[in-house]
file structure.cif (mmCIF, C-alpha atoms and all ligand atoms)
data_input
loop_
_atom_site.group_PDB
_atom_site.id
_atom_site.type_symbol
_atom_site.label_atom_id
_atom_site.label_comp_id
_atom_site.auth_asym_id
_atom_site.auth_seq_id
_atom_site.Cartn_x
_atom_site.Cartn_y
_atom_site.Cartn_z
ATOM 1 C CA MET A 20 0.000 0.000 0.000
ATOM 2 C CA PRO A 21 1.441 3.436 -0.916
ATOM 3 C CA THR A 22 1.848 5.818 2.017
ATOM 4 C CA GLU A 23 -0.051 9.088 2.234
ATOM 5 C CA ARG A 24 3.151 10.978 1.308
ATOM 6 C CA GLN A 25 3.704 8.768 -1.783
ATOM 7 C CA LEU A 26 0.098 9.349 -2.906
ATOM 8 C CA GLN A 27 0.612 13.088 -2.396
ATOM 9 C CA ILE A 28 3.776 13.045 -4.565
ATOM 10 C CA LEU A 29 2.015 11.100 -7.346
ATOM 11 C CA GLU A 30 -0.851 13.595 -7.263
ATOM 12 C CA GLU A 31 1.593 16.554 -7.405
ATOM 13 C CA ARG A 32 3.297 14.967 -10.435
ATOM 14 C CA ARG A 33 -0.017 14.403 -12.179
ATOM 15 C CA LYS A 34 -1.015 18.038 -11.597
ATOM 16 C CA ARG A 35 2.339 19.336 -12.895
ATOM 17 C CA ARG A 36 2.025 17.220 -16.034
ATOM 18 C CA GLU A 37 -1.516 18.497 -16.630
ATOM 19 C CA GLU A 38 -0.448 22.082 -15.997
ATOM 20 C CA TYR A 39 2.419 21.710 -18.429
ATOM 21 C CA ASN A 40 0.215 20.128 -21.113
ATOM 22 C CA SER A 41 -2.373 22.897 -20.896
ATOM 23 C CA THR A 42 0.084 25.841 -20.889
ATOM 24 C CA SER A 43 2.808 24.668 -23.245
ATOM 25 C CA THR A 44 2.708 26.308 -26.663
ATOM 26 C CA SER A 45 5.429 24.075 -28.074
ATOM 27 C CA LYS A 46 4.655 20.557 -26.907
ATOM 28 C CA ILE A 47 7.535 18.127 -26.636
ATOM 29 C CA PRO A 48 7.394 15.581 -29.408
ATOM 30 C CA LEU A 49 6.805 12.273 -27.660
ATOM 31 C CA ALA A 50 7.748 10.269 -30.726
ATOM 32 C CA ILE A 51 11.472 10.890 -30.493
ATOM 33 C CA GLU A 52 13.972 9.741 -33.074
ATOM 34 C CA GLY A 53 14.543 6.013 -32.739
ATOM 35 C CA SER A 54 17.796 4.290 -31.978
ATOM 36 C CA ARG A 55 20.642 4.954 -34.368
ATOM 37 C CA PHE A 56 22.717 1.985 -33.305
ATOM 38 C CA PRO A 57 22.142 -1.690 -33.959
ATOM 39 C CA SER A 58 20.100 -3.224 -31.162
ATOM 40 C CA PHE A 59 22.655 -4.873 -28.954
ATOM 41 C CA GLN A 60 22.078 -8.153 -27.176
ATOM 42 C CA PHE A 61 22.368 -7.104 -23.533
ATOM 43 C CA GLN A 62 20.864 -10.323 -22.142
ATOM 44 C CA LYS A 63 23.367 -12.627 -20.527
ATOM 45 C CA PRO A 64 22.817 -16.066 -22.049
ATOM 46 C CA LEU A 65 21.937 -18.870 -19.656
ATOM 47 C CA THR A 66 24.588 -21.182 -21.055
ATOM 48 C CA GLU A 67 27.591 -20.352 -23.240
ATOM 49 C CA GLN A 68 27.899 -17.179 -25.337
ATOM 50 C CA ASP A 69 26.947 -17.149 -28.984
ATOM 51 C CA ALA A 70 29.820 -16.105 -31.232
ATOM 52 C CA ASN A 71 27.373 -14.540 -33.721
ATOM 53 C CA ALA A 72 25.365 -12.481 -31.233
ATOM 54 C CA ASN A 73 25.622 -8.692 -31.268
ATOM 55 C CA TYR A 74 26.924 -8.252 -27.713
ATOM 56 C CA PHE A 75 27.977 -4.823 -26.439
ATOM 57 C CA TYR A 76 31.686 -4.963 -25.634
ATOM 58 C CA ILE A 77 33.790 -2.656 -23.481
ATOM 59 C CA ASN A 78 37.484 -3.361 -23.858
ATOM 60 C CA GLY A 79 36.617 -6.777 -25.257
ATOM 61 C CA THR A 80 34.311 -7.838 -22.399
ATOM 62 C CA PRO A 81 30.542 -8.067 -22.969
ATOM 63 C CA ILE A 82 28.291 -5.929 -20.768
ATOM 64 C CA TRP A 83 25.029 -7.472 -19.514
ATOM 65 C CA LEU A 84 21.918 -5.574 -18.474
ATOM 66 C CA SER A 85 19.639 -8.541 -17.839
ATOM 67 C CA GLN A 86 19.679 -12.302 -17.582
ATOM 68 C CA ALA A 87 18.110 -14.226 -20.424
ATOM 69 C CA ALA A 88 14.921 -15.924 -19.276
ATOM 70 C CA SER A 89 14.811 -19.674 -18.846
ATOM 71 C CA HIS A 90 12.513 -21.552 -21.200
ATOM 72 C CA ASP A 91 9.810 -21.684 -18.478
ATOM 73 C CA ASP A 92 9.977 -17.938 -17.832
ATOM 74 C CA HIS A 93 9.920 -17.140 -21.487
ATOM 75 C CA ILE A 94 6.179 -16.979 -22.069
ATOM 76 C CA ILE A 95 5.576 -14.780 -19.028
ATOM 77 C CA GLN A 96 8.583 -12.508 -19.358
ATOM 78 C CA ASP A 97 9.065 -12.288 -23.064
ATOM 79 C CA HIS A 98 7.700 -8.774 -23.499
ATOM 80 C CA THR A 99 9.251 -7.357 -20.325
ATOM 81 C CA VAL A 100 12.644 -8.870 -20.971
ATOM 82 C CA ARG A 101 12.686 -7.647 -24.556
ATOM 83 C CA THR A 102 11.645 -4.164 -23.439
ATOM 84 C CA SER A 103 14.309 -4.023 -20.764
ATOM 85 C CA SER A 104 17.024 -4.874 -23.281
ATOM 86 C CA SER A 105 16.313 -1.818 -25.440
ATOM 87 C CA LEU A 106 18.273 1.306 -24.638
ATOM 88 C CA TRP A 107 18.437 5.004 -25.514
ATOM 89 C CA ASP A 108 21.322 6.174 -27.705
ATOM 90 C CA CYS A 109 22.591 8.667 -25.091
ATOM 91 C CA GLY A 110 23.597 5.810 -22.759
ATOM 92 C CA VAL A 111 25.437 3.971 -25.522
ATOM 93 C CA ILE A 112 27.286 7.146 -26.608
ATOM 94 C CA LEU A 113 28.274 8.003 -23.021
ATOM 95 C CA ALA A 114 29.378 4.400 -22.330
ATOM 96 C CA LYS A 115 31.576 4.349 -25.432
ATOM 97 C CA TYR A 116 33.004 7.786 -24.514
ATOM 98 C CA LEU A 117 34.019 6.383 -21.117
ATOM 99 C CA GLU A 118 35.703 3.411 -22.792
ATOM 100 C CA ARG A 119 37.829 5.870 -24.822
ATOM 101 C CA HIS A 120 38.595 7.994 -21.735
ATOM 102 C CA PRO A 121 38.889 5.518 -18.849
ATOM 103 C CA SER A 122 40.869 7.977 -16.716
ATOM 104 C CA SER A 123 37.744 10.147 -16.487
ATOM 105 C CA VAL A 124 36.251 7.537 -14.110
ATOM 106 C CA CYS A 125 38.980 5.066 -13.083
ATOM 107 C CA HIS A 126 39.612 5.125 -9.272
ATOM 108 C CA LYS A 127 36.881 7.763 -8.901
ATOM 109 C CA ARG A 128 33.662 7.902 -6.940
ATOM 110 C CA VAL A 129 30.854 8.097 -9.440
ATOM 111 C CA ILE A 130 27.089 8.580 -9.151
ATOM 112 C CA GLU A 131 24.516 8.237 -11.938
ATOM 113 C CA LEU A 132 21.187 10.118 -11.858
ATOM 114 C CA GLY A 133 18.031 8.770 -13.552
ATOM 115 C CA ALA A 134 20.045 5.705 -14.481
ATOM 116 C CA GLY A 135 17.336 3.421 -15.892
ATOM 117 C CA LYS A 136 19.235 0.347 -17.059
ATOM 118 C CA ALA A 137 22.442 2.069 -15.945
ATOM 119 C CA LEU A 138 24.705 1.189 -18.862
ATOM 120 C CA PRO A 139 27.109 4.151 -18.215
ATOM 121 C CA SER A 140 27.361 3.161 -14.527
ATOM 122 C CA ILE A 141 28.143 -0.456 -15.327
ATOM 123 C CA VAL A 142 30.780 0.616 -17.836
ATOM 124 C CA ALA A 143 32.302 3.106 -15.354
ATOM 125 C CA ALA A 144 32.554 0.337 -12.722
ATOM 126 C CA ALA A 145 34.097 -2.025 -15.293
ATOM 127 C CA LEU A 146 36.679 0.696 -15.976
ATOM 128 C CA GLY A 147 37.649 0.985 -12.306
ATOM 129 C CA ALA A 148 35.154 3.418 -10.720
ATOM 130 C CA ARG A 149 33.222 2.975 -7.461
ATOM 131 C CA VAL A 150 29.685 3.629 -8.500
ATOM 132 C CA VAL A 151 26.348 4.527 -6.928
ATOM 133 C CA ILE A 152 23.414 3.982 -9.291
ATOM 134 C CA THR A 153 20.287 6.059 -8.640
ATOM 135 C CA ASP A 154 16.839 6.565 -10.105
ATOM 136 C CA ALA A 155 13.368 7.379 -8.817
ATOM 137 C CA LYS A 156 12.006 4.621 -6.598
ATOM 138 C CA GLU A 157 9.871 3.238 -9.440
ATOM 139 C CA GLY A 158 12.955 3.126 -11.703
ATOM 140 C CA ILE A 159 15.584 1.352 -9.626
ATOM 141 C CA ASN A 160 14.349 -2.177 -10.365
ATOM 142 C CA ALA A 161 15.801 -1.903 -13.853
ATOM 143 C CA ALA A 162 19.344 -1.595 -12.463
ATOM 144 C CA GLU A 163 19.105 -3.955 -9.510
ATOM 145 C CA GLY A 164 21.027 -7.156 -10.150
ATOM 146 C CA VAL A 165 23.129 -5.816 -13.034
ATOM 147 C CA ALA A 166 26.231 -5.439 -10.867
ATOM 148 C CA ALA A 167 26.149 -9.140 -10.033
ATOM 149 C CA LEU A 168 25.546 -10.098 -13.670
ATOM 150 C CA ASN A 169 28.733 -8.247 -14.616
ATOM 151 C CA ASN A 170 30.784 -9.368 -11.592
ATOM 152 C CA LEU A 171 30.839 -5.773 -10.408
ATOM 153 C CA HIS A 172 29.404 -6.302 -6.935
ATOM 154 C CA ILE A 173 31.311 -6.487 -3.643
ATOM 155 C CA HIS A 174 34.928 -6.681 -4.839
ATOM 156 C CA GLY A 175 34.171 -6.039 -8.471
ATOM 157 C CA ARG A 176 36.442 -6.417 -11.440
ATOM 158 C CA GLY A 177 39.850 -4.909 -10.879
ATOM 159 C CA HIS A 178 39.431 -1.703 -8.935
ATOM 160 C CA GLY A 179 35.832 -0.918 -9.786
ATOM 161 C CA TRP A 180 32.501 -1.988 -8.426
ATOM 162 C CA VAL A 181 28.907 -0.902 -7.924
ATOM 163 C CA GLU A 182 28.574 0.172 -4.292
ATOM 164 C CA SER A 183 24.797 0.537 -4.278
ATOM 165 C CA VAL A 184 21.652 0.916 -6.314
ATOM 166 C CA GLN A 185 19.415 3.371 -4.501
ATOM 167 C CA SER A 186 16.495 5.699 -4.860
ATOM 168 C CA LEU A 187 17.204 9.361 -5.544
ATOM 169 C CA ASP A 188 14.022 11.114 -6.559
ATOM 170 C CA TRP A 189 14.771 14.614 -7.843
ATOM 171 C CA ILE A 190 11.388 15.901 -6.634
ATOM 172 C CA ASP A 191 11.067 14.296 -3.217
ATOM 173 C CA ARG A 192 14.767 14.003 -2.490
ATOM 174 C CA GLU A 193 15.315 14.956 1.141
ATOM 175 C CA SER A 194 15.493 11.490 2.689
ATOM 176 C CA ASP A 195 17.152 9.986 -0.432
ATOM 177 C CA MET A 196 19.901 12.612 -0.147
ATOM 178 C CA MET A 197 20.467 11.709 3.497
ATOM 179 C CA ASN A 198 20.953 8.070 2.456
ATOM 180 C CA LEU A 199 23.767 8.972 0.058
ATOM 181 C CA GLN A 200 26.689 7.804 2.150
ATOM 182 C CA ASN A 201 29.393 7.367 -0.421
ATOM 183 C CA GLY A 202 30.342 10.883 -1.455
ATOM 184 C CA PRO A 203 31.945 13.211 -2.138
ATOM 185 C CA PHE A 204 31.565 12.211 -5.785
ATOM 186 C CA HIS A 205 34.144 13.072 -8.427
ATOM 187 C CA VAL A 206 31.934 12.293 -11.401
ATOM 188 C CA VAL A 207 28.181 12.489 -11.996
ATOM 189 C CA LEU A 208 26.806 10.582 -14.990
ATOM 190 C CA CYS A 209 23.561 11.695 -16.632
ATOM 191 C CA SER A 210 22.189 10.073 -19.752
ATOM 192 C CA ASP A 211 19.014 11.297 -21.413
ATOM 193 C CA VAL A 212 17.570 12.789 -18.249
ATOM 194 C CA VAL A 213 16.124 15.916 -19.886
ATOM 195 C CA TRP A 214 12.988 15.145 -21.854
ATOM 196 C CA VAL A 215 10.119 16.858 -20.024
ATOM 197 C CA GLU A 216 10.174 20.463 -18.962
ATOM 198 C CA TYR A 217 8.714 20.226 -15.479
ATOM 199 C CA LEU A 218 11.519 17.921 -14.275
ATOM 200 C CA VAL A 219 14.405 20.159 -15.366
ATOM 201 C CA PRO A 220 14.438 22.487 -12.296
ATOM 202 C CA TYR A 221 14.290 19.487 -9.938
ATOM 203 C CA LEU A 222 17.085 17.668 -11.758
ATOM 204 C CA VAL A 223 19.424 20.680 -11.668
ATOM 205 C CA GLN A 224 18.550 21.405 -8.024
ATOM 206 C CA THR A 225 19.449 17.779 -7.235
ATOM 207 C CA MET A 226 22.773 18.147 -9.060
ATOM 208 C CA ALA A 227 23.467 21.279 -7.001
ATOM 209 C CA GLU A 228 22.730 19.512 -3.706
ATOM 210 C CA LEU A 229 24.862 16.421 -4.354
ATOM 211 C CA PRO A 230 27.935 15.949 -2.162
ATOM 212 C CA LEU A 231 30.516 16.763 -4.846
ATOM 213 C CA ALA A 232 34.314 16.957 -4.722
ATOM 214 C CA VAL A 233 35.675 20.430 -5.513
ATOM 215 C CA ASP A 234 36.847 19.402 -8.972
ATOM 216 C CA ALA A 235 33.788 17.246 -9.736
ATOM 217 C CA LYS A 236 32.610 16.881 -13.338
ATOM 218 C CA ILE A 237 29.148 16.044 -14.575
ATOM 219 C CA LEU A 238 29.212 14.061 -17.819
ATOM 220 C CA PHE A 239 25.863 14.773 -19.393
ATOM 221 C CA ALA A 240 24.664 12.946 -22.524
ATOM 222 C CA HIS A 241 21.765 14.935 -23.896
ATOM 223 C CA GLN A 242 19.371 14.455 -26.771
ATOM 224 C CA THR A 243 17.670 17.664 -27.861
ATOM 225 C CA ARG A 244 13.870 17.378 -28.002
ATOM 226 C CA SER A 245 13.129 21.117 -28.182
ATOM 227 C CA THR A 246 15.134 24.344 -27.938
ATOM 228 C CA ARG A 247 12.736 25.483 -25.234
ATOM 229 C CA ILE A 248 13.761 22.624 -22.920
ATOM 230 C CA ASP A 249 17.446 23.071 -23.789
ATOM 231 C CA ASN A 250 17.225 26.784 -22.922
ATOM 232 C CA LEU A 251 15.525 25.986 -19.625
ATOM 233 C CA LEU A 252 18.306 23.495 -18.814
ATOM 234 C CA PHE A 253 21.051 26.067 -19.535
ATOM 235 C CA GLU A 254 19.202 28.744 -17.556
ATOM 236 C CA LYS A 255 18.841 26.474 -14.517
ATOM 237 C CA LEU A 256 22.472 25.343 -14.737
ATOM 238 C CA SER A 257 23.640 28.920 -14.750
ATOM 239 C CA GLU A 258 21.276 29.881 -11.872
ATOM 240 C CA HIS A 259 22.892 27.136 -9.780
ATOM 241 C CA GLY A 260 26.437 28.259 -10.582
ATOM 242 C CA PHE A 261 27.255 25.554 -13.127
ATOM 243 C CA VAL A 262 29.081 26.102 -16.418
ATOM 244 C CA HIS A 263 28.768 23.692 -19.305
ATOM 245 C CA GLU A 264 30.864 22.962 -22.357
ATOM 246 C CA LYS A 265 30.187 20.667 -25.266
ATOM 247 C CA ILE A 266 32.687 17.832 -25.527
ATOM 248 C CA PRO A 267 34.013 17.974 -29.107
ATOM 249 C CA ASN A 268 32.781 15.220 -31.417
ATOM 250 C CA SER A 269 36.400 14.277 -32.052
ATOM 251 C CA GLU A 270 36.612 13.018 -28.438
ATOM 252 C CA LEU A 271 33.622 10.683 -28.870
ATOM 253 C CA HIS A 272 33.934 7.118 -30.135
ATOM 254 C CA PRO A 273 33.919 7.487 -33.947
ATOM 255 C CA ASP A 274 31.247 4.782 -34.370
ATOM 256 C CA PHE A 275 29.073 6.030 -31.520
ATOM 257 C CA LYS A 276 27.893 9.584 -32.093
ATOM 258 C CA LYS A 277 24.826 11.173 -33.642
ATOM 259 C CA GLU A 278 23.762 14.675 -34.507
ATOM 260 C CA ALA A 279 20.876 15.039 -32.052
ATOM 261 C CA VAL A 280 22.967 13.861 -29.090
ATOM 262 C CA CYS A 281 25.635 16.000 -27.489
ATOM 263 C CA LEU A 282 27.904 15.163 -24.618
ATOM 264 C CA MET A 283 28.521 18.008 -22.172
ATOM 265 C CA ARG A 284 30.969 18.486 -19.359
ATOM 266 C CA ILE A 285 29.373 20.489 -16.556
ATOM 267 C CA HIS A 286 31.158 21.832 -13.503
ATOM 268 C CA ARG A 287 30.939 24.534 -10.894
ATOM 269 C CA ALA A 288 32.005 27.984 -12.098
HETATM 270 C C1 LIG B 301 14.621 8.823 -20.709
HETATM 271 S S1 LIG B 301 14.953 7.828 -19.292
HETATM 272 C C2 LIG B 301 16.727 7.635 -19.416
HETATM 273 C C3 LIG B 301 17.185 6.407 -18.724
HETATM 274 C C4 LIG B 301 18.686 6.110 -18.856
HETATM 275 N N1 LIG B 301 19.484 7.122 -18.195
HETATM 276 C C5 LIG B 301 19.080 5.929 -20.310
HETATM 277 O O1 LIG B 301 19.809 6.760 -20.855
HETATM 278 O O2 LIG B 301 18.665 4.919 -20.902
HETATM 279 C C6 LIG B 301 14.783 8.968 -17.916
HETATM 280 C C7 LIG B 301 15.100 8.392 -16.548
HETATM 281 O O3 LIG B 301 14.787 9.381 -15.556
HETATM 282 C C8 LIG B 301 14.174 8.743 -14.452
HETATM 283 N N2 LIG B 301 13.325 9.688 -13.707
HETATM 284 C C9 LIG B 301 12.115 10.191 -14.069
HETATM 285 N N3 LIG B 301 11.635 10.994 -13.112
HETATM 286 C C10 LIG B 301 12.554 10.998 -12.112
HETATM 287 C C11 LIG B 301 12.611 11.628 -10.825
HETATM 288 N N4 LIG B 301 11.640 12.397 -10.370
HETATM 289 N N5 LIG B 301 13.699 11.407 -10.064
HETATM 290 C C12 LIG B 301 14.727 10.607 -10.504
HETATM 291 N N6 LIG B 301 14.717 9.982 -11.709
HETATM 292 C C13 LIG B 301 13.640 10.168 -12.489
HETATM 293 C C14 LIG B 301 13.369 7.618 -15.086
HETATM 294 O O4 LIG B 301 13.049 6.596 -14.154
HETATM 295 C C15 LIG B 301 14.300 7.146 -16.189
HETATM 296 O O5 LIG B 301 15.176 6.144 -15.747
#

call {"tool": "encode", "arguments": {"input": "structure.cif", "output": "C-alpha cells", "more": "lines below"}}
Ligand SMILES: C[S@@+](CC[C@H](N)C(=O)[O-])C[C@H]1O[C@@H](n2cnc3c(N)ncnc32)[C@H](O)[C@@H]1O
result
Amino acid sequence: MPTERQLQILEERRKRREEYNSTSTSKIPLAIEGSRFPSFQFQKPLTEQDANANYFYINGTPIWLSQAASHDDHIIQDHTVRTSSSLWDCGVILAKYLERHPSSVCHKRVIELGAGKALPSIVAAALGARVVITDAKEGINAAEGVAALNNLHIHGRGHGWVESVQSLDWIDRESDMMNLQNGPFHVVLCSDVVWVEYLVPYLVQTMAELPLAVDAKILFAHQTRSTRIDNLLFEKLSEHGFVHEKIPNSELHPDFKKEAVCLMRIHRA
C-alpha cells in the first residue's frame, strides 16, 4: 500500500504534467527519433555465449543488463525482458566515450542520476570506478542485479565496483539525499535525463545539492527534443552556478555519435 506521502507526490506529479500540457505552446514531441545503433544483445545467455550475437563490448568484455529468461519464464517474461534490453542512444554514446577515456572515471567515486538500465554506470565500474546507481524509486528495479551479472558487486572487477543501487528522486529528495553515504563524488553521470520540462528544475537542483568533490565533473549525454527545454536546462544550470561545455565530437567514439545527441561536461564555475 502506498503511504499518504507517496500518494501526495504522485498527485503533485499528475497536476504538474496536466499544468504543463495545458500551458505549453510548443509541446515536446513524444515520438522521439529512434535508436541509431544496432540493437545490442544485452541479455546474458543462460549457457555459453553465442559467437554470432551482437553483444555490447567494453574493452573486449561483454556488458550485460539482464539475464536471459529460462525456457519456463519465457512466455511470461518475453515482453518485459525484450523491453528491458532496449536502450536510448545517449547511454550507448556516453558508455563508449568512457571506454575511450577511462581515466575520467577510473579510481573515482561516481554517481549516476536517472540511471534506468544504468549502462554508463556499469561501464564506469568495469573501468575501475566505485559507483552509486540512482533513479526514482519506481525506476531502480531496472538496475538492480546488473552489478552481479557483470561481476561488479562487492569486490568487483579490478578496482571498480557498484557500491549501491538506490532511490534518488529529484522531486522528493530529502530522505534519499540523506541516504547517500558514499560521497563526495568526483563524477556524476547523466544520460538522457532531460525530456520533459517540469523535471528540469528538480534535476538541476538535485545536481546542485549532491555531495561533490571540488573538482567534480558532470558528464551529461543529452538528446535535444526542443530548444525550449534546452534553454531551460542552460538557464537552470547557470542559476545554480554551473558552467557547461560541449565535448568535441572528435573526443567521442567514432562509431558512436549522432547529430541530435551531445555530450557536455558540466562543472561549478
Ligand atoms: C529517458 S529515461 C533515461 C534512462 C537512462 N538514463 C538511459 O539513458 O537509458 C529517464 C530516466 O529518468 C528517471 N526519472 C524520471 N523521473 C525521475 C525523478 N523524479 N527522479 C529521478 N529519476 C527520475 C526515469 O526513471 C528514467 O530512468

call {"tool": "resolve_selection", "arguments": {"input": "structure.cif", "expression": "the PyMOL selection byres (((chain A and resi 201-207) around 9) and not hetatm)", "output": "count of residues only"}}
result
28

call {"tool": "residues_around", "arguments": {"input": "structure.cif", "residues": "Leu256 of chain A", "least_positions_apart": "2", "cutoff": "12 Å", "atoms": "only C-alpha atoms", "output": "PyMOL selection string"}}
result
chain A and resi 219-227+237+249-254+258-264+284-288

call {"tool": "atom_distance", "arguments": {"input": "structure.cif", "atom1": "atom CA of Leu168 of chain A", "atom2": "atom C11 of ligand LIG 301 (chain B)"}}
result
25.4 Å

call {"tool": "resolve_selection", "arguments": {"input": "structure.cif", "expression": "the PyMOL selection byres (((not hetatm)) within 7 of (chain B and resi 301))", "output": "list in words"}}
result
Leu106, Trp107, Cys109, Gly110, Leu132, Gly133, Ala134, Gly135, Lys136, Ala137, Asp154, Ala155, Glu157, Gly158, Leu187, Asp188, Trp189, Ile190, Cys209, Ser210, Asp211, Val212, Trp214 and Leu218 of chain A

call {"tool": "atom_distance", "arguments": {"input": "structure.cif", "atom1": "atom CA of Ser186 of chain A", "atom2": "atom CA of Ile141 of chain A"}}
result
16.8 Å

call {"tool": "resolve_selection", "arguments": {"input": "structure.cif", "expression": "the PyMOL selection byres (((chain A and resi 84) around 12) and not hetatm)", "output": "CSV table (one decimal) with C-alpha atoms, in the coordinates of the input"}}
result
chain,number,residue,atom,x,y,z
A,59,PHE,CA,22.7,-4.9,-29.0
A,60,GLN,CA,22.1,-8.2,-27.2
A,61,PHE,CA,22.4,-7.1,-23.5
A,62,GLN,CA,20.9,-10.3,-22.1
A,63,LYS,CA,23.4,-12.6,-20.5
A,64,PRO,CA,22.8,-16.1,-22.0
A,74,TYR,CA,26.9,-8.3,-27.7
A,75,PHE,CA,28.0,-4.8,-26.4
A,81,PRO,CA,30.5,-8.1,-23.0
A,82,ILE,CA,28.3,-5.9,-20.8
A,83,TRP,CA,25.0,-7.5,-19.5
A,85,SER,CA,19.6,-8.5,-17.8
A,86,GLN,CA,19.7,-12.3,-17.6
A,87,ALA,CA,18.1,-14.2,-20.4
A,100,VAL,CA,12.6,-8.9,-21.0
A,101,ARG,CA,12.7,-7.6,-24.6
A,102,THR,CA,11.6,-4.2,-23.4
A,103,SER,CA,14.3,-4.0,-20.8
A,104,SER,CA,17.0,-4.9,-23.3
A,105,SER,CA,16.3,-1.8,-25.4
A,106,LEU,CA,18.3,1.3,-24.6
A,135,GLY,CA,17.3,3.4,-15.9
A,136,LYS,CA,19.2,0.3,-17.1
A,137,ALA,CA,22.4,2.1,-15.9
A,138,LEU,CA,24.7,1.2,-18.9
A,139,PRO,CA,27.1,4.2,-18.2
A,140,SER,CA,27.4,3.2,-14.5
A,141,ILE,CA,28.1,-0.5,-15.3
A,142,VAL,CA,30.8,0.6,-17.8
A,160,ASN,CA,14.3,-2.2,-10.4
A,161,ALA,CA,15.8,-1.9,-13.9
A,162,ALA,CA,19.3,-1.6,-12.5
A,163,GLU,CA,19.1,-4.0,-9.5
A,164,GLY,CA,21.0,-7.2,-10.2
A,165,VAL,CA,23.1,-5.8,-13.0
A,166,ALA,CA,26.2,-5.4,-10.9
A,167,ALA,CA,26.1,-9.1,-10.0
A,168,LEU,CA,25.5,-10.1,-13.7
A,169,ASN,CA,28.7,-8.2,-14.6
A,170,ASN,CA,30.8,-9.4,-11.6

call {"tool": "atom_distance", "arguments": {"input": "structure.cif", "atom1": "atom CA of Thr153 of chain A", "atom2": "atom CA of Asp191 of chain A"}}
result
13.5 Å

call {"tool": "closest_residue", "arguments": {"input": "structure.cif", "among": "A:Ile159, A:Val181, A:Ile112, A:Ala143", "to": "Lys276 of chain A", "atoms": "all atoms listed in the file"}}
result
A:Ile112

call {"tool": "decode", "arguments": {"input": "structure.cif", "residues": "segment 137-150 of chain A", "atoms": "N, CA and C atoms", "output": "PDB file, in the first residue's frame"}}
result
ATOM      1  N   ALA A 137      21.146   1.767 -16.539  1.00  0.00           N
ATOM      2  CA  ALA A 137      22.442   2.069 -15.945  1.00  0.00           C
ATOM      3  C   ALA A 137      23.652   1.611 -16.755  1.00  0.00           C
ATOM      4  N   LEU A 138      23.541   1.612 -18.056  1.00  0.00           N
ATOM      5  CA  LEU A 138      24.705   1.189 -18.862  1.00  0.00           C
ATOM      6  C   LEU A 138      25.964   2.025 -18.550  1.00  0.00           C
ATOM      7  N   PRO A 139      25.878   3.396 -18.511  1.00  0.00           N
ATOM      8  CA  PRO A 139      27.109   4.151 -18.215  1.00  0.00           C
ATOM      9  C   PRO A 139      27.721   3.791 -16.858  1.00  0.00           C
ATOM     10  N   SER A 140      26.853   3.532 -15.856  1.00  0.00           N
ATOM     11  CA  SER A 140      27.361   3.161 -14.527  1.00  0.00           C
ATOM     12  C   SER A 140      28.112   1.842 -14.566  1.00  0.00           C
ATOM     13  N   ILE A 141      27.521   0.868 -15.261  1.00  0.00           N
ATOM     14  CA  ILE A 141      28.143  -0.456 -15.327  1.00  0.00           C
ATOM     15  C   ILE A 141      29.492  -0.360 -16.031  1.00  0.00           C
ATOM     16  N   VAL A 142      29.525   0.452 -17.098  1.00  0.00           N
ATOM     17  CA  VAL A 142      30.780   0.616 -17.836  1.00  0.00           C
ATOM     18  C   VAL A 142      31.810   1.342 -16.960  1.00  0.00           C
ATOM     19  N   ALA A 143      31.361   2.379 -16.230  1.00  0.00           N
ATOM     20  CA  ALA A 143      32.302   3.106 -15.354  1.00  0.00           C
ATOM     21  C   ALA A 143      32.895   2.147 -14.319  1.00  0.00           C
ATOM     22  N   ALA A 144      32.056   1.293 -13.722  1.00  0.00           N
ATOM     23  CA  ALA A 144      32.554   0.337 -12.722  1.00  0.00           C
ATOM     24  C   ALA A 144      33.529  -0.651 -13.371  1.00  0.00           C
ATOM     25  N   ALA A 145      33.199  -1.087 -14.590  1.00  0.00           N
ATOM     26  CA  ALA A 145      34.097  -2.025 -15.293  1.00  0.00           C
ATOM     27  C   ALA A 145      35.433  -1.359 -15.611  1.00  0.00           C
ATOM     28  N   LEU A 146      35.435  -0.028 -15.670  1.00  0.00           N
ATOM     29  CA  LEU A 146      36.679   0.696 -15.976  1.00  0.00           C
ATOM     30  C   LEU A 146      37.415   1.130 -14.704  1.00  0.00           C
ATOM     31  N   GLY A 147      36.898   0.732 -13.539  1.00  0.00           N
ATOM     32  CA  GLY A 147      37.649   0.985 -12.306  1.00  0.00           C
ATOM     33  C   GLY A 147      37.045   2.008 -11.366  1.00  0.00           C
ATOM     34  N   ALA A 148      35.773   2.426 -11.617  1.00  0.00           N
ATOM     35  CA  ALA A 148      35.154   3.418 -10.720  1.00  0.00           C
ATOM     36  C   ALA A 148      34.368   2.722  -9.609  1.00  0.00           C
ATOM     37  N   ARG A 149      34.130   3.454  -8.521  1.00  0.00           N
ATOM     38  CA  ARG A 149      33.222   2.975  -7.461  1.00  0.00           C
ATOM     39  C   ARG A 149      31.922   3.736  -7.636  1.00  0.00           C
ATOM     40  N   VAL A 150      30.872   2.991  -7.935  1.00  0.00           N
ATOM     41  CA  VAL A 150      29.685   3.629  -8.500  1.00  0.00           C
ATOM     42  C   VAL A 150      28.437   3.474  -7.629  1.00  0.00           C
TER      43      VAL A 150
END
